[in-house]
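Asks: Sharing data_24.cif (mmCIF, C-alpha atoms and all ligand atoms; chains and numbers go by the auth columns) below.
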```
data_work
#
loop_
_atom_site.group_PDB
_atom_site.id
_atom_site.type_symbol
_atom_site.label_atom_id
_atom_site.label_comp_id
_atom_site.label_asym_id
_atom_site.label_seq_id
_atom_site.Cartn_x
_atom_site.Cartn_y
_atom_site.Cartn_z
_atom_site.B_iso_or_equiv
_atom_site.auth_seq_id
_atom_site.auth_asym_id
ATOM 1 C CA MET A 1 0.000 0.000 0.000 0.00 1 A
ATOM 2 C CA PRO A 2 1.243 3.514 -0.692 0.00 2 A
ATOM 3 C CA ARG A 3 2.378 5.435 2.325 0.00 3 A
ATOM 4 C CA HIS A 4 1.078 8.971 2.827 0.00 4 A
ATOM 5 C CA THR A 5 3.662 11.634 3.580 0.00 5 A
ATOM 6 C CA ALA A 6 3.248 15.044 5.115 0.00 6 A
ATOM 7 C CA GLN A 7 2.863 16.462 1.592 0.00 7 A
ATOM 8 C CA ALA A 8 -0.726 17.257 0.719 0.00 8 A
ATOM 9 C CA SER A 9 -1.536 14.849 -2.061 0.00 9 A
ATOM 10 C CA TYR A 10 1.565 12.793 -2.743 0.00 10 A
ATOM 11 C CA THR A 11 2.296 9.296 -1.584 0.00 11 A
ATOM 12 C CA THR A 12 5.600 7.491 -1.504 0.00 12 A
ATOM 13 C CA ARG A 13 6.676 3.924 -2.151 0.00 13 A
ATOM 14 C CA PRO A 14 10.111 2.327 -2.280 0.00 14 A
ATOM 15 C CA LEU A 15 11.614 1.310 -5.607 0.00 15 A
ATOM 16 C CA THR A 16 11.284 -2.470 -5.708 0.00 16 A
ATOM 17 C CA THR A 17 10.463 -5.068 -8.331 0.00 17 A
ATOM 18 C CA ASP A 18 6.791 -4.184 -7.681 0.00 18 A
ATOM 19 C CA THR A 19 7.291 -0.510 -8.526 0.00 19 A
ATOM 20 C CA TRP A 20 9.972 -0.935 -11.212 0.00 20 A
ATOM 21 C CA GLY A 21 7.438 -0.365 -14.008 0.00 21 A
ATOM 22 C CA ASP A 22 6.341 2.969 -12.503 0.00 22 A
ATOM 23 C CA PHE A 23 9.963 4.104 -12.160 0.00 23 A
ATOM 24 C CA ALA A 24 10.827 2.947 -15.678 0.00 24 A
ATOM 25 C CA ALA A 25 7.824 4.807 -17.119 0.00 25 A
ATOM 26 C CA LEU A 26 9.005 8.038 -15.482 0.00 26 A
ATOM 27 C CA VAL A 27 12.578 7.592 -16.730 0.00 27 A
ATOM 28 C CA GLU A 28 11.413 6.764 -20.250 0.00 28 A
ATOM 29 C CA ALA A 29 9.055 9.766 -20.292 0.00 29 A
ATOM 30 C CA ASN A 30 12.132 11.892 -19.554 0.00 30 A
ATOM 31 C CA ASN A 31 14.361 10.444 -22.285 0.00 31 A
ATOM 32 C CA GLY A 32 16.208 8.091 -19.932 0.00 32 A
ATOM 33 C CA VAL A 33 17.115 11.091 -17.721 0.00 33 A
ATOM 34 C CA TRP A 34 20.213 12.859 -19.010 0.00 34 A
ATOM 35 C CA GLY A 35 19.804 10.875 -22.218 0.00 35 A
ATOM 36 C CA GLY A 36 20.052 7.495 -20.468 0.00 36 A
ATOM 37 C CA CYS A 37 21.690 7.571 -17.039 0.00 37 A
ATOM 38 C CA TRP A 38 18.848 5.598 -15.462 0.00 38 A
ATOM 39 C CA CYS A 39 20.019 6.926 -12.081 0.00 39 A
ATOM 40 C CA MET A 40 23.116 4.681 -12.091 0.00 40 A
ATOM 41 C CA GLY A 41 25.807 7.302 -11.456 0.00 41 A
ATOM 42 C CA PHE A 42 26.016 6.967 -7.670 0.00 42 A
ATOM 43 C CA HIS A 43 25.924 3.158 -7.609 0.00 43 A
ATOM 44 C CA PRO A 44 29.216 1.211 -7.518 0.00 44 A
ATOM 45 C CA ALA A 45 28.932 0.218 -11.201 0.00 45 A
ATOM 46 C CA GLY A 46 28.379 3.849 -12.204 0.00 46 A
ATOM 47 C CA PHE A 47 27.931 4.259 -15.940 0.00 47 A
ATOM 48 C CA SER A 48 30.191 1.314 -16.764 0.00 48 A
ATOM 49 C CA GLY A 49 27.421 -0.130 -18.935 0.00 49 A
ATOM 50 C CA GLY A 50 28.264 2.497 -21.519 0.00 50 A
ATOM 51 C CA SER A 51 24.772 2.849 -23.013 0.00 51 A
ATOM 52 C CA ALA A 52 21.273 3.755 -21.903 0.00 52 A
ATOM 53 C CA GLU A 53 20.144 0.140 -22.401 0.00 53 A
ATOM 54 C CA ALA A 54 22.995 -1.196 -20.280 0.00 54 A
ATOM 55 C CA ASN A 55 22.356 1.392 -17.579 0.00 55 A
ATOM 56 C CA ARG A 56 18.704 0.359 -17.528 0.00 56 A
ATOM 57 C CA GLU A 57 19.582 -3.318 -17.183 0.00 57 A
ATOM 58 C CA ASN A 58 22.194 -2.588 -14.494 0.00 58 A
ATOM 59 C CA LYS A 59 19.634 -0.605 -12.516 0.00 59 A
ATOM 60 C CA ARG A 60 17.027 -3.318 -12.917 0.00 60 A
ATOM 61 C CA ALA A 61 19.484 -5.981 -11.760 0.00 61 A
ATOM 62 C CA LEU A 62 20.281 -3.936 -8.643 0.00 62 A
ATOM 63 C CA VAL A 63 16.569 -3.605 -7.904 0.00 63 A
ATOM 64 C CA GLN A 64 16.035 -7.333 -8.421 0.00 64 A
ATOM 65 C CA ARG A 65 18.845 -8.059 -5.962 0.00 65 A
ATOM 66 C CA GLY A 66 17.310 -5.642 -3.429 0.00 66 A
ATOM 67 C CA GLU A 67 20.378 -3.377 -3.557 0.00 67 A
ATOM 68 C CA VAL A 68 18.605 -0.082 -4.278 0.00 68 A
ATOM 69 C CA ARG A 69 17.147 2.300 -1.717 0.00 69 A
ATOM 70 C CA GLN A 70 15.061 4.853 -3.512 0.00 70 A
ATOM 71 C CA ILE A 71 11.824 6.580 -2.586 0.00 71 A
ATOM 72 C CA LEU A 72 9.356 7.126 -5.418 0.00 72 A
ATOM 73 C CA VAL A 73 6.760 9.895 -5.230 0.00 73 A
ATOM 74 C CA TYR A 74 3.301 9.308 -6.658 0.00 74 A
ATOM 75 C CA ASP A 75 0.640 11.750 -7.740 0.00 75 A
ATOM 76 C CA ASP A 76 -2.337 9.418 -7.552 0.00 76 A
ATOM 77 C CA GLU A 77 -1.051 6.329 -9.413 0.00 77 A
ATOM 78 C CA GLN A 78 1.614 8.114 -11.480 0.00 78 A
ATOM 79 C CA CYS A 79 5.243 8.080 -10.369 0.00 79 A
ATOM 80 C CA VAL A 80 6.439 11.695 -10.719 0.00 80 A
ATOM 81 C CA GLY A 81 9.796 11.771 -8.922 0.00 81 A
ATOM 82 C CA TRP A 82 12.306 10.102 -6.656 0.00 82 A
ATOM 83 C CA CYS A 83 15.098 10.512 -4.134 0.00 83 A
ATOM 84 C CA GLN A 84 17.875 7.921 -3.951 0.00 84 A
ATOM 85 C CA PHE A 85 19.728 7.154 -0.700 0.00 85 A
ATOM 86 C CA GLY A 86 22.009 4.529 0.771 0.00 86 A
ATOM 87 C CA THR A 87 25.099 3.940 2.828 0.00 87 A
ATOM 88 C CA PRO A 88 28.443 5.302 1.571 0.00 88 A
ATOM 89 C CA THR A 89 29.201 1.748 0.401 0.00 89 A
ATOM 90 C CA ASP A 90 25.919 1.613 -1.539 0.00 90 A
ATOM 91 C CA LEU A 91 26.587 5.001 -3.160 0.00 91 A
ATOM 92 C CA PRO A 92 30.341 5.557 -3.447 0.00 92 A
ATOM 93 C CA ASN A 93 30.387 7.805 -6.533 0.00 93 A
ATOM 94 C CA ILE A 94 29.665 11.264 -5.203 0.00 94 A
ATOM 95 C CA LYS A 95 30.688 14.388 -7.079 0.00 95 A
ATOM 96 C CA ASN A 96 33.915 16.191 -6.151 0.00 96 A
ATOM 97 C CA PRO A 97 35.435 13.134 -4.420 0.00 97 A
ATOM 98 C CA ARG A 98 38.907 14.634 -3.957 0.00 98 A
ATOM 99 C CA ALA A 99 37.586 17.728 -2.223 0.00 99 A
ATOM 100 C CA TYR A 100 35.266 15.535 -0.194 0.00 100 A
ATOM 101 C CA ASP A 101 38.028 13.172 0.943 0.00 101 A
ATOM 102 C CA LYS A 102 40.481 15.974 1.722 0.00 102 A
ATOM 103 C CA ASP A 103 38.783 17.158 4.900 0.00 103 A
ATOM 104 C CA LEU A 104 36.771 14.053 5.657 0.00 104 A
ATOM 105 C CA ASP A 105 36.498 13.305 9.357 0.00 105 A
ATOM 106 C CA THR A 106 33.969 10.479 9.636 0.00 106 A
ATOM 107 C CA LEU A 107 31.728 9.034 6.972 0.00 107 A
ATOM 108 C CA PRO A 108 27.978 9.464 7.512 0.00 108 A
ATOM 109 C CA ASP A 109 25.653 6.526 8.124 0.00 109 A
ATOM 110 C CA TRP A 110 23.634 7.481 5.062 0.00 110 A
ATOM 111 C CA ARG A 111 23.988 9.651 2.041 0.00 111 A
ATOM 112 C CA ILE A 112 21.518 11.051 -0.446 0.00 112 A
ATOM 113 C CA GLY A 113 22.348 10.431 -4.089 0.00 113 A
ATOM 114 C CA CYS A 114 20.213 11.953 -6.778 0.00 114 A
ATOM 115 C CA VAL A 115 16.866 13.682 -6.707 0.00 115 A
ATOM 116 C CA PHE A 116 14.625 13.860 -9.740 0.00 116 A
ATOM 117 C CA THR A 117 11.200 15.250 -10.583 0.00 117 A
ATOM 118 C CA GLY A 118 9.619 14.646 -13.976 0.00 118 A
ATOM 119 C CA LYS A 119 9.241 17.591 -16.318 0.00 119 A
ATOM 120 C CA GLY A 120 5.787 19.057 -15.924 0.00 120 A
ATOM 121 C CA HIS A 121 5.719 18.285 -12.193 0.00 121 A
ATOM 122 C CA ARG A 122 8.418 20.643 -10.948 0.00 122 A
ATOM 123 C CA ARG A 123 8.051 23.313 -8.275 0.00 123 A
ATOM 124 C CA ALA A 124 5.031 21.533 -6.816 0.00 124 A
ATOM 125 C CA GLY A 125 6.682 19.867 -3.811 0.00 125 A
ATOM 126 C CA VAL A 126 7.621 16.511 -5.361 0.00 126 A
ATOM 127 C CA ALA A 127 11.292 16.665 -4.331 0.00 127 A
ATOM 128 C CA ARG A 128 10.209 17.849 -0.885 0.00 128 A
ATOM 129 C CA ALA A 129 7.997 14.758 -0.596 0.00 129 A
ATOM 130 C CA ALA A 130 10.809 12.518 -1.888 0.00 130 A
ATOM 131 C CA VAL A 131 13.441 13.745 0.577 0.00 131 A
ATOM 132 C CA SER A 132 10.871 13.675 3.407 0.00 132 A
ATOM 133 C CA GLY A 133 10.156 10.070 2.438 0.00 133 A
ATOM 134 C CA VAL A 134 13.871 9.266 2.614 0.00 134 A
ATOM 135 C CA LEU A 135 14.078 10.739 6.121 0.00 135 A
ATOM 136 C CA GLU A 136 11.151 8.534 7.164 0.00 136 A
ATOM 137 C CA ALA A 137 12.855 5.496 5.638 0.00 137 A
ATOM 138 C CA VAL A 138 16.120 6.291 7.421 0.00 138 A
ATOM 139 C CA ALA A 139 14.259 6.627 10.727 0.00 139 A
ATOM 140 C CA ALA A 140 12.606 3.270 10.074 0.00 140 A
ATOM 141 C CA ALA A 141 16.012 1.746 9.309 0.00 141 A
ATOM 142 C CA GLY A 142 17.474 2.878 12.641 0.00 142 A
ATOM 143 C CA GLY A 143 18.286 6.539 12.027 0.00 143 A
ATOM 144 C CA GLY A 144 21.734 8.095 12.018 0.00 144 A
ATOM 145 C CA VAL A 145 23.649 10.845 10.277 0.00 145 A
ATOM 146 C CA VAL A 146 22.377 11.626 6.768 0.00 146 A
ATOM 147 C CA GLU A 147 24.539 13.558 4.364 0.00 147 A
ATOM 148 C CA ALA A 148 23.483 15.445 1.230 0.00 148 A
ATOM 149 C CA TYR A 149 25.559 17.291 -1.378 0.00 149 A
ATOM 150 C CA PRO A 150 23.226 19.964 -2.716 0.00 150 A
ATOM 151 C CA GLU A 151 23.822 22.969 -4.901 0.00 151 A
ATOM 152 C CA GLN A 152 23.726 26.421 -3.389 0.00 152 A
ATOM 153 C CA VAL A 153 20.756 28.422 -4.650 0.00 153 A
ATOM 154 C CA GLU A 154 21.177 31.853 -3.145 0.00 154 A
ATOM 155 C CA SER A 155 23.629 34.494 -4.416 0.00 155 A
ATOM 156 C CA ARG A 156 23.832 33.041 -7.922 0.00 156 A
ATOM 157 C CA ALA A 157 21.894 33.253 -11.163 0.00 157 A
ATOM 158 C CA PRO A 158 18.802 31.010 -11.423 0.00 158 A
ATOM 159 C CA GLN A 159 19.800 27.463 -12.442 0.00 159 A
ATOM 160 C CA GLN A 160 18.092 25.003 -14.730 0.00 160 A
ATOM 161 C CA GLY A 161 16.791 21.895 -13.003 0.00 161 A
ATOM 162 C CA ALA A 162 19.514 19.534 -14.246 0.00 162 A
ATOM 163 C CA TYR A 163 22.158 21.339 -12.201 0.00 163 A
ATOM 164 C CA PHE A 164 20.224 20.311 -9.144 0.00 164 A
ATOM 165 C CA HIS A 165 20.491 16.536 -9.527 0.00 165 A
ATOM 166 C CA THR A 166 21.786 16.427 -5.939 0.00 166 A
ATOM 167 C CA GLY A 167 18.982 18.802 -4.932 0.00 167 A
ATOM 168 C CA PRO A 168 18.861 22.503 -4.086 0.00 168 A
ATOM 169 C CA GLU A 169 20.418 23.576 -0.791 0.00 169 A
ATOM 170 C CA SER A 170 17.257 25.466 0.187 0.00 170 A
ATOM 171 C CA LEU A 171 15.264 22.222 0.214 0.00 171 A
ATOM 172 C CA PHE A 172 17.697 20.468 2.534 0.00 172 A
ATOM 173 C CA ALA A 173 17.946 23.523 4.800 0.00 173 A
ATOM 174 C CA GLU A 174 14.141 23.530 5.028 0.00 174 A
ATOM 175 C CA LEU A 175 14.255 19.874 6.107 0.00 175 A
ATOM 176 C CA GLY A 176 16.782 20.455 8.893 0.00 176 A
ATOM 177 C CA PHE A 177 20.127 19.837 7.170 0.00 177 A
ATOM 178 C CA GLU A 178 23.035 22.121 8.074 0.00 178 A
ATOM 179 C CA ARG A 179 26.102 23.126 6.073 0.00 179 A
ATOM 180 C CA CYS A 180 29.300 21.302 7.064 0.00 180 A
ATOM 181 C CA ARG A 181 31.787 22.261 4.374 0.00 181 A
ATOM 182 C CA ARG A 182 32.063 23.386 0.774 0.00 182 A
ATOM 183 C CA ILE A 183 33.388 20.863 -1.789 0.00 183 A
ATOM 184 C CA ALA A 184 32.895 22.863 -4.987 0.00 184 A
ATOM 185 C CA LYS A 185 32.138 26.435 -5.860 0.00 185 A
ATOM 186 C CA TRP A 186 28.428 25.917 -5.376 0.00 186 A
ATOM 187 C CA ARG A 187 28.228 22.476 -3.715 0.00 187 A
ATOM 188 C CA TRP A 188 28.037 21.877 0.020 0.00 188 A
ATOM 189 C CA VAL A 189 28.200 18.892 2.312 0.00 189 A
ATOM 190 C CA MET A 190 25.143 19.148 4.546 0.00 190 A
ATOM 191 C CA ARG A 191 24.179 16.876 7.422 0.00 191 A
ATOM 192 C CA ARG A 192 21.192 16.076 9.535 0.00 192 A
ATOM 193 C CA HIS A 193 20.788 13.569 12.351 0.00 193 A
ATOM 194 C CA VAL A 194 17.689 11.365 12.168 0.00 194 A
ATOM 195 C CA VAL A 195 16.398 9.656 15.288 0.00 195 A
ATOM 196 C CA PRO A 196 15.186 6.075 14.990 0.00 196 A
ATOM 197 C CA ASP A 197 11.450 5.539 14.657 0.00 197 A
ATOM 198 C CA PRO A 198 10.510 3.227 17.554 0.00 198 A
ATOM 199 C CA ASP A 199 7.197 2.351 15.874 0.00 199 A
ATOM 200 C CA ALA A 200 8.715 1.300 12.574 0.00 200 A
ATOM 201 C CA ARG A 201 8.253 -2.311 11.641 0.00 201 A
ATOM 202 C CA PRO A 202 11.490 -4.051 10.753 0.00 202 A
ATOM 203 C CA GLY A 203 11.622 -4.262 7.106 0.00 203 A
HETATM 204 C C1 LIG B . 15.918 19.788 -8.600 0.00 301 B
HETATM 205 C C2 LIG B . 14.582 19.105 -8.680 0.00 301 B
HETATM 206 C C3 LIG B . 14.716 17.664 -8.181 0.00 301 B
HETATM 207 C C4 LIG B . 13.586 19.864 -7.801 0.00 301 B
HETATM 208 O O1 LIG B . 12.387 19.118 -7.800 0.00 301 B
HETATM 209 P P1 LIG B . 10.966 19.805 -7.501 0.00 301 B
HETATM 210 O O2 LIG B . 10.001 18.714 -7.287 0.00 301 B
HETATM 211 O O3 LIG B . 10.676 20.783 -8.572 0.00 301 B
HETATM 212 O O4 LIG B . 11.266 20.570 -6.129 0.00 301 B
HETATM 213 P P2 LIG B . 10.186 21.060 -5.050 0.00 301 B
HETATM 214 O O5 LIG B . 8.977 21.594 -5.735 0.00 301 B
HETATM 215 O O6 LIG B . 9.956 19.980 -4.049 0.00 301 B
HETATM 216 O O7 LIG B . 10.956 22.278 -4.391 0.00 301 B
HETATM 217 C C5 LIG B . 11.295 22.322 -3.021 0.00 301 B
HETATM 218 C C6 LIG B . 12.211 23.505 -2.799 0.00 301 B
HETATM 219 O O8 LIG B . 13.473 23.289 -3.468 0.00 301 B
HETATM 220 C C7 LIG B . 13.936 24.542 -4.019 0.00 301 B
HETATM 221 N N1 LIG B . 13.951 24.449 -5.471 0.00 301 B
HETATM 222 C C8 LIG B . 13.390 23.505 -6.265 0.00 301 B
HETATM 223 N N2 LIG B . 13.690 23.716 -7.556 0.00 301 B
HETATM 224 C C9 LIG B . 14.438 24.829 -7.604 0.00 301 B
HETATM 225 C C10 LIG B . 15.043 25.551 -8.663 0.00 301 B
HETATM 226 N N3 LIG B . 14.949 25.159 -9.945 0.00 301 B
HETATM 227 N N4 LIG B . 15.756 26.670 -8.337 0.00 301 B
HETATM 228 C C11 LIG B . 15.869 27.068 -7.060 0.00 301 B
HETATM 229 N N5 LIG B . 15.334 26.399 -5.997 0.00 301 B
HETATM 230 C C12 LIG B . 14.624 25.308 -6.272 0.00 301 B
HETATM 231 C C13 LIG B . 12.982 25.596 -3.518 0.00 301 B
HETATM 232 O O9 LIG B . 13.450 26.017 -2.230 0.00 301 B
HETATM 233 C C14 LIG B . 11.703 24.803 -3.377 0.00 301 B
HETATM 234 O O10 LIG B . 10.774 25.371 -2.479 0.00 301 B
HETATM 235 P P3 LIG B . 9.697 26.458 -3.047 0.00 301 B
HETATM 236 O O11 LIG B . 9.113 25.906 -4.297 0.00 301 B
HETATM 237 O O12 LIG B . 8.708 26.546 -1.914 0.00 301 B
HETATM 238 O O13 LIG B . 10.475 27.693 -3.306 0.00 301 B
HETATM 239 C C15 LIG B . 14.062 19.129 -10.165 0.00 301 B
HETATM 240 O O14 LIG B . 14.212 20.448 -10.693 0.00 301 B
HETATM 241 C C16 LIG B . 14.799 18.154 -11.063 0.00 301 B
HETATM 242 O O15 LIG B . 14.476 16.971 -11.114 0.00 301 B
HETATM 243 N N6 LIG B . 15.827 18.632 -11.780 0.00 301 B
HETATM 244 C C17 LIG B . 16.597 17.702 -12.599 0.00 301 B
HETATM 245 C C18 LIG B . 17.560 16.943 -11.706 0.00 301 B
HETATM 246 C C19 LIG B . 18.191 15.810 -12.460 0.00 301 B
HETATM 247 O O16 LIG B . 18.553 15.943 -13.615 0.00 301 B
HETATM 248 N N7 LIG B . 18.336 14.689 -11.761 0.00 301 B
HETATM 249 C C20 LIG B . 18.922 13.530 -12.383 0.00 301 B
HETATM 250 C C21 LIG B . 19.186 12.526 -11.340 0.00 301 B
HETATM 251 S S1 LIG B . 19.842 11.055 -12.081 0.00 301 B
#
```
Output the file's structure in the form of structure tokens.
Ligand SMILES: CC(C)(COP(=O)(O)OP(=O)(O)OC[C@H]1O[C@@H](n2cnc3c(N)ncnc32)[C@H](O)[C@@H]1OP(=O)(O)O)[C@@H](O)C(=O)NCCC(=O)NCCS
Replies:
Amino acid sequence: MPRHTAQASYTTRPLTTDTWGDFAALVEANNGVWGGCWCMGFHPAGFSGGSAEANRENKRALVQRGEVRQILVYDDEQCVGWCQFGTPTDLPNIKNPRAYDKDLDTLPDWRIGCVFTGKGHRRAGVARAAVSGVLEAVAAAGGGVVEAYPEQVESRAPQQGAYFHTGPESLFAELGFERCRRIAKWRWVMRRHVVPDPDARPG
């Protein structure tokens, strides 16, 4: 059953073999996302497939093996966006790795990979629902430190959506994340601690 979030009319579900078709329909409606990344960049295999078809099959194989943590957002029965998350081992390929490693103290328990909202559904709270759904999933999984790598929004010219594949900083700030350090001109490491949800069913 879909799970209702705090967002008015959206529901969220995890990406599993049951919801693969909904996810695939969203990706295909958006030209594979970036012409065929299929949200593989942060996973250990990255884009090693070398084509949109291979990326799709690599993503599907990960889902079939239960190795993907990704929250899908639904508007009624249509999947309109997602937020990917995982442990640093699940998602090793973050942007600006040298700058990240340079001043790294301790790795987080969780990190947020990419955020995506389908064209035609943007600026209506889908990403907010997706990241909120991730925070609920992290709480259900035992909580811990969650890290995100968003793009700064303020003090720069307006950006097209694609620049924000790790999300806009303002969204994470709104959801309680705080700046830790800068790893690129406009990209920040932000963290938030999530307390475990004592009522969550093990899952
Ligand atoms: C970035 C992105 C995920 C935002 O999704 P969204 O559903 O439109 O975001 P929301 O409506 O939930 O916005 C929440 C907040 O984020 C910020 N925000 C969202 N989009 C923004 C933009 N283009 N510019 C500045 N701030 C933005 C705002 O603070 C916004 O709150 P507000 O609308 O009350 O001002 C979307 O533009 C997108 O998918 N871009 C493409 C990313 C991509 O290529 N991902 C590939 C991953 S493989």
Asks: When the cut-off is 8 Å and you count only C-alpha atoms and all ligand atoms, which residues lie near ligand LIG 301 (chain B), shown as a PyMOL selection string?
Replies: chain A and resi 33-34+37-41+81+114-119+121-130+153+158-172+174
Asks: Between A:Pro97, A:Pro92, A:Gly113, A:Pro150, which has the minimum distance to Val134 in chain A (counting only C-alpha atoms)?
Replies: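 Looking only at the distances to Val134 in chain A, the closest residue turns out to be A:Gly113.
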Asks: From the options A:Ala137, A:Arg13, A:Glu151, A:Gly144, which residue's atoms come nearest to Asp75 in chain A, counting only C-alpha atoms?
Replies: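 Of A:Ala137, A:Arg13, A:Glu151, A:Gly144, the one nearest Asp75 in chain A is A:Arg13, counting only C-alpha atoms.
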Asks: Please write the residues picked by the PyMOL selection byres (((chain A and resi 140) around 9) and not hetatm) on this file as a PyMOL selection string.
Replies: chain A and resi 135-139+141-143+196-203
Asks: Name all residues at most 12 Å from Thr19 in chain A (count all atoms listed in the file; drop same-chain ones fewer than 3 positions away) and give them as a list in words.
Replies: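 The residues satisfying every condition are Met1, Pro2, Thr12, Arg13, Pro14, Leu15, Thr16, Asp22, Phe23, Ala24, Ala25, Leu26, Arg60, Val63, Gln64, Gln70, Ile71, Leu72, Val73, Tyr74, Glu77, Gln78, Cys79 and Trp82 of chain A.
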Asks: What is the distance, in Å and to one decimal place, between CA of Gly32 in chain A and CA of Ala52 in chain A?
Replies: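 Here the two named atoms are 7.0 Å from each other.
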Asks: What gap, in Å, lies between CA of Arg191 in chain A and CA of Ser9 in chain A?
Replies: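 Distance between the two atoms: 27.5 Å.
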Asks: Measure the distance from CA of Gly36 in chain A to CA of Gly50 in chain A in Å and round it to one decimal.
Replies: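 So the two atoms, CA of Gly36 in chain A and CA of Gly50 in chain A, lie 9.7 Å apart.
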Asks: Which residue out of A:Val146, A:Leu175, A:Gly120, A:Ile94 has the minimum interatomic distance to Arg187 in chain A when all atoms listed in the file are used?
Replies: A:Ile94
Asks: Write out as JSON an axis-aligned box for range 173-188 of chain A: all of its atoms listed in the file, 4 Å added on each side, centre and edge lengths in Å with one decimal.
Replies:
```
{"center_x": 23.8, "center_y": 23.1, "center_z": 1.5, "size_x": 27.2, "size_y": 14.6, "size_z": 22.8}
```
Asks: Residues within 12 Å of Val145 in chain A, please, as a ChimeraX atom specification. Count all atoms listed in the file; anything in the same chain fewer than 4 positions from it doesn't count.
Replies: /A:86-88,106-112,135,138-139,141,176-178,190-196
Asks: What residues come out when you apply the PyMOL selection byres (((chain A and resi 181-184) around 9) and not hetatm) to this file, written as a list in words?
Replies: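 Evaluating the PyMOL selection byres (((chain A and resi 181-184) around 9) and not hetatm) on this file yields Lys95, Asn96, Pro97, Arg98, Ala99, Tyr100, Asp103, Tyr149, Arg179, Cys180, Lys185, Trp186, Arg187, Trp188, Val189 and Met190 of chain A.
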